[in-house]
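**Q** Below you'll find the structure I mean.
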Amino acid sequence: MHPAPSVIVFSTLSGLGFGLLFWLGIDANPPTGLAAFIFFAIAFALAVGGLLSSTFHLGHPERAWRALSQWRSSWLSREGVCAILALLCMGIYAIDLIFLQIHATALGLIGAALSLFTVFTTSMIYAQLDTVPRWKTPLTPALYLSFSLAGGALLSGRVNMAILLLVIAAICQFIWWQRGDVALSDSGTDLGTATGLGERGTVRSMAHPHTAPNYLVKEFIFVIGRKHAQKLRRIAFGLTFVLPIICLLLPFSHVLAIIAVLSHVAGVATSRWLFFAEAEHVVGLYYGAR
Amino acid sequence: MTELPTKTDRTLGLVIDLDTCVGCHACVISCKGWNTENYGAPLSDQRPYGTEPMGTFLNRVHSYEVQPETGPAQTVHFPKSCLHCENAPCVTVCPTGASYKRVEDGIVLVNEDHCIGCGLCAWACPYGARELDQAEGVMKKCTLCVDRIYNENLPEEDQIPSCVRTCPAGARHFGDLSDPNSDVSQLVESRGGFDLMPEMGTLPVNKYLPPRLKDSWDDQSLLAPLLEPVAEEAQGFLGWLDKALDKLPGGTA
């Protein structure tokens, strides 16, 4: 799959933003006043910035409001509805804390649940697709949720919780990669089933429909990304989990905290790039590629 | 609404005969022509005379080689367009309701005024049947020439999809696959029509008819008896000439 920068930025930033909103929402003793303002400003900047970025890849961004209508059947629509509800709830919750010093506990809990559900809906957009065997697994929601919760805990300064969740997220990521590498071959779909000619012999693509590539080839067949995939996995793993955990285990300092956060964000972005770049869409089979 | 209808009144679709398709791409061209001038946004081209010319097509013809365990390989030309699946994953993923499957005839269409061009339906389609038009930013797909098949301004013989009308080999057939007595259903029945990627659970309406197996080297040709030599010995003037030349010195051939 083509790793569109807007979608990678969206899922990286929004995941962190909604993760932070979750922890702020369930906090029994949340920050108030200026401290609350800073935390919520960061969370909203990440979540809203990510959402806005995701509209950049649309053919008609001005019609994006229509995407809120099909929540009964479409995970993408559910994501939009959930994101807006979560941001509304947490917006009111934030105003109460910043300006009125009021802690609306129930509202925070509802907002936290909606924030987490938004991340879940994002993951289901990918996990629902039979056409991309690497994504079609309950491990994909587990991956997105564990990343979001770990990132949120890290951003909100919950050191022990962040270490625990980073370890869990690292395990999810490791298993997700291991499974992903055999997902396409395990799916049973190949050029034989794609053409229905597989029982007659070995099917080989002899000539593409056109000499030049097309939208399908550019969108679904991204092979250059796989050249350095193993190296990038190690880099992503180190930046997302190992370096932040080391920083958190060392005696606290603001510099180490900033390094942990920046390293984590860069690592998540790398992991998300691989999420797309390594994914094989079955349409590639028709073009003799994977 | 992007929920799929539980049942459609008719199930219009194509039956594509891989045995007779010669891979001429006439269906591709006629499809591009008709659908650029009619329903919805035109099918744009990018750099048509430059390097890497690209464009939107609703129908593309692949060519495959099938190599059996023994014997010669077989070439199969393989036209592919929207299969108008009964369980169309492209419809249910649409966030705006722009993609829908019609109750009256099962055709899967895109309302281009509501399409935001997110591309998720193309991701959900295992067949590569949907292409995001790079100029218009909306999703394009086969409409089964919905603007031809019900168009009473056209002569009756033209009230079929453009690709079917054009195919010079008669490899494309159009009809109602829910009617077991229709020509297309009979073709599927008698020729063993099959689905593409049945494991995806999409229940495609369009069916493909298998190419016949290639003759083996050892098969007796039907024409062989007719190719037997009819005259072992030359007769008449040539016979006299043959004998006369044999008698001359210098040996025989």
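Order determines the names: the first chain of the structure tokens is A, the second B, and so forth; residues in each chain are numbered 1 upward, and ligands are numbered 1 upward as they are shown.
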Among the residues of region 28-132 of chain A, find those DSSP assigns to helix (DSSP H, G or I) from the backbone and print them as an NGL selection string.
**A** :A and (33-57 or 61-68 or 75-99 or 105-127)
**Q** Do you have, as a Markdown table, the list of residues of chain A lying at most 6 Å from chain B, each with its nearest atom pair and that distance in Å to one decimal, counting only C-alpha atoms and ordered by chain then number?
**A**
```
| residue | atom | partner | partner_atom | distance |
| --- | --- | --- | --- | --- |
| A:Leu58 | CA | B:Cys118 | CA | 4.8 |
| A:Gly59 | CA | B:Gly137 | CA | 3.9 |
| A:His60 | CA | B:Ile116 | CA | 4.6 |
| A:Arg63 | CA | B:Ile116 | CA | 5.7 |
| A:Arg66 | CA | B:Thr96 | CA | 5.0 |
| A:Ala67 | CA | B:Thr96 | CA | 4.3 |
| A:Ser69 | CA | B:Thr96 | CA | 5.8 |
| A:Gln70 | CA | B:Pro95 | CA | 5.2 |
| A:Ser73 | CA | B:Thr92 | CA | 5.6 |
| A:Ser74 | CA | B:Val93 | CA | 4.6 |
| A:Leu76 | CA | B:Pro95 | CA | 5.6 |
| A:Ser77 | CA | B:Pro95 | CA | 4.5 |
| A:Leu129 | CA | B:Ala124 | CA | 5.8 |
| A:Thr131 | CA | B:Pro126 | CA | 5.3 |
| A:Thr193 | CA | B:Met197 | CA | 5.0 |
| A:Ala194 | CA | B:Met197 | CA | 4.8 |
| A:Thr195 | CA | B:Leu196 | CA | 5.8 |
| A:Gly196 | CA | B:Leu196 | CA | 5.6 |
| A:Arg200 | CA | B:Pro68 | CA | 5.8 |
| A:Gly201 | CA | B:Pro68 | CA | 4.0 |
| A:Thr202 | CA | B:Gln67 | CA | 5.0 |
| A:Val203 | CA | B:Val66 | CA | 4.5 |
| A:Arg204 | CA | B:Glu65 | CA | 5.2 |
| A:Ser205 | CA | B:Tyr64 | CA | 4.6 |
| A:Met206 | CA | B:Tyr64 | CA | 5.0 |
| A:Ala207 | CA | B:Ser63 | CA | 5.1 |
| A:His208 | CA | B:His62 | CA | 5.4 |
| A:Pro209 | CA | B:His62 | CA | 4.8 |
| A:Ala212 | CA | B:Glu52 | CA | 5.3 |
| A:Asn214 | CA | B:Met54 | CA | 5.8 |
| A:Val282 | CA | B:Pro126 | CA | 5.9 |
| A:Val283 | CA | B:Gly128 | CA | 5.6 |
```
**Q** For the selection you just gave me, I'd like the residues written to a file as a compact mmCIF listing (two decimals), in the first residue's frame, keeping C-alpha atoms.
**A**
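To be explicit, this is the file written out as result.txt:
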```txt
# COMPACT_ATOMS: atom_id res chain seq x y z
CA LEU A 58 -9.37 13.43 -0.05
CA GLY A 59 -10.37 14.18 -3.63
CA HIS A 60 -13.08 16.53 -2.33
CA ARG A 63 -17.60 17.38 1.13
CA ARG A 66 -20.94 13.87 4.31
CA ALA A 67 -18.69 11.22 5.85
CA SER A 69 -23.77 10.03 7.65
CA GLN A 70 -23.02 6.30 7.27
CA SER A 73 -22.25 0.52 8.17
CA SER A 74 -18.90 2.31 7.68
CA LEU A 76 -14.60 5.46 8.47
CA SER A 77 -17.89 7.22 9.15
CA LEU A 129 -10.20 -5.19 4.94
CA THR A 131 -8.09 -7.34 0.72
CA THR A 193 -7.60 -17.94 -7.11
CA ALA A 194 -7.57 -14.38 -8.44
CA THR A 195 -7.90 -15.61 -12.02
CA GLY A 196 -9.71 -18.85 -11.24
CA ARG A 200 -4.84 -25.75 -14.43
CA GLY A 201 -1.27 -24.90 -13.60
CA THR A 202 1.01 -22.10 -12.54
CA VAL A 203 -0.38 -18.71 -13.51
CA ARG A 204 2.06 -15.96 -14.44
CA SER A 205 1.32 -12.36 -15.37
CA MET A 206 2.61 -11.99 -18.92
CA ALA A 207 1.47 -8.50 -19.86
CA HIS A 208 -0.06 -5.69 -17.81
CA PRO A 209 -3.15 -4.01 -19.25
CA ALA A 212 2.53 2.57 -17.98
CA ASN A 214 -2.05 3.27 -13.20
CA VAL A 282 -4.46 -8.57 -3.25
CA VAL A 283 -4.96 -6.40 -6.35
```
**Q** Can you tell me, as a ChimeraX atom specification, which residues in region 2-206 of chain B count as strand (DSSP E) by DSSP?
**A** /B:12-17,45-46,54-55,59-67,74-81,99-101,108-110,131-132,139-140,172-176
**Q** What's the 10 Å shell around Phe237 (chain A), counting only C-alpha atoms, without same-chain residues fewer than 2 positions away, as a list in words?
**A** Ala170, Gln173, Phe174, Lys231, Leu232, Arg233, Arg234, Ile235, Leu239, Thr240, Phe241, Val242, Leu243, His264, Gly267, Val268, Thr270 and Ser271 of chain A
**Q** I need the residues from that last selection saved to file as a tab-separated table (two decimals), in the first residue's frame (with N, CA and C atoms), if you can.
**A**
```tsv
chain	number	residue	atom	x	y	z
A	170	ALA	N	4.97	-2.94	22.79
A	170	ALA	CA	6.10	-3.56	22.09
A	170	ALA	C	5.80	-5.01	21.77
A	173	GLN	N	3.36	-5.08	18.90
A	173	GLN	CA	4.03	-4.76	17.66
A	173	GLN	C	4.84	-5.95	17.15
A	174	PHE	N	5.53	-6.61	18.06
A	174	PHE	CA	6.37	-7.74	17.66
A	174	PHE	C	5.51	-8.86	17.07
A	231	LYS	N	15.50	-3.24	8.61
A	231	LYS	CA	16.27	-2.20	9.33
A	231	LYS	C	15.31	-1.19	9.95
A	232	LEU	N	14.31	-0.77	9.15
A	232	LEU	CA	13.37	0.23	9.65
A	232	LEU	C	12.58	-0.31	10.84
A	233	ARG	N	12.29	-1.61	10.83
A	233	ARG	CA	11.60	-2.20	11.98
A	233	ARG	C	12.43	-2.06	13.24
A	234	ARG	N	13.73	-2.33	13.11
A	234	ARG	CA	14.59	-2.23	14.29
A	234	ARG	C	14.67	-0.78	14.77
A	235	ILE	N	14.76	0.16	13.80
A	235	ILE	CA	14.80	1.58	14.17
A	235	ILE	C	13.49	1.97	14.85
A	239	LEU	N	13.17	3.34	18.68
A	239	LEU	CA	12.69	4.70	18.96
A	239	LEU	C	11.37	4.68	19.73
A	240	THR	N	10.46	3.77	19.37
A	240	THR	CA	9.13	3.78	19.98
A	240	THR	C	9.17	3.28	21.42
A	241	PHE	N	9.95	2.22	21.66
A	241	PHE	CA	9.88	1.55	22.96
A	241	PHE	C	11.17	1.64	23.77
A	242	VAL	N	12.29	1.23	23.18
A	242	VAL	CA	13.50	1.01	23.97
A	242	VAL	C	14.03	2.33	24.55
A	243	LEU	N	14.24	3.31	23.66
A	243	LEU	CA	14.80	4.58	24.14
A	243	LEU	C	13.87	5.28	25.15
A	264	HIS	N	9.60	8.61	20.91
A	264	HIS	CA	8.39	7.80	20.76
A	264	HIS	C	7.60	8.23	19.52
A	267	GLY	N	9.31	7.15	16.42
A	267	GLY	CA	9.20	5.70	16.28
A	267	GLY	C	7.83	5.28	15.79
A	268	VAL	N	6.77	5.89	16.37
A	268	VAL	CA	5.41	5.55	15.95
A	268	VAL	C	5.22	5.91	14.47
A	270	THR	N	7.49	5.99	12.16
A	270	THR	CA	8.21	4.98	11.36
A	270	THR	C	7.41	3.69	11.28
A	271	SER	N	6.86	3.29	12.43
A	271	SER	CA	6.07	2.06	12.47
A	271	SER	C	4.83	2.18	11.58
```
**Q** When you look at Lys7 (chain B) with a cut-off of 9 Å (counting only C-alpha atoms), what residues show up, excluding the ones that are within fewer than 6 positions of it in the same chain? I need them as a list in words.
**A**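 Here the qualifying residues turn out to be Glu86, Val103 and Gly106 of chain B.
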**Q** Limited to N, CA and C atoms, could you put the picked residues into a file as a PDB file, in the first residue's frame?
**A**
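Full text of again16.pdb as output:
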```pdb
ATOM      1  N   GLU B  86     -22.634  -9.311  -5.035  1.00  0.00           N
ATOM      2  CA  GLU B  86     -23.831  -9.287  -4.194  1.00  0.00           C
ATOM      3  C   GLU B  86     -23.470  -8.855  -2.779  1.00  0.00           C
ATOM      4  N   VAL B 103     -31.412  -1.781  -5.788  1.00  0.00           N
ATOM      5  CA  VAL B 103     -32.321  -2.875  -5.465  1.00  0.00           C
ATOM      6  C   VAL B 103     -32.928  -3.450  -6.743  1.00  0.00           C
ATOM      7  N   GLY B 106     -29.342  -4.623  -9.103  1.00  0.00           N
ATOM      8  CA  GLY B 106     -28.093  -5.065  -8.497  1.00  0.00           C
ATOM      9  C   GLY B 106     -26.846  -4.343  -8.970  1.00  0.00           C
TER      10      GLY B 106
END
```
**Q** Using only C-alpha atoms, which residues sit within 8 Å of Asp147 (chain B) once same-chain residues fewer than 4 positions away are excluded, as a VMD selection string?
**A** chain B and resid 38 to 39 151
**Q** Rounded to one decimal in Å, what is the spacing between CA of Asp190 (chain A) and CA of Val205 (chain B)?
**A**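 Answer for the CA of Asp190 (chain A) to CA of Val205 (chain B) separation: 20.6 Å.
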**Q** How many Å separate CA of Ile163 (chain A) from CA of Phe117 (chain A)?
**A** 22.5 Å
**Q** Nearest to Leu216 (chain A): which of A:Gly19, A:Ala94, A:Phe37, A:His2 is it, counting only C-alpha atoms?
**A**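 Of A:Gly19, A:Ala94, A:Phe37, A:His2, the one nearest Leu216 (chain A) is A:His2, counting only C-alpha atoms.
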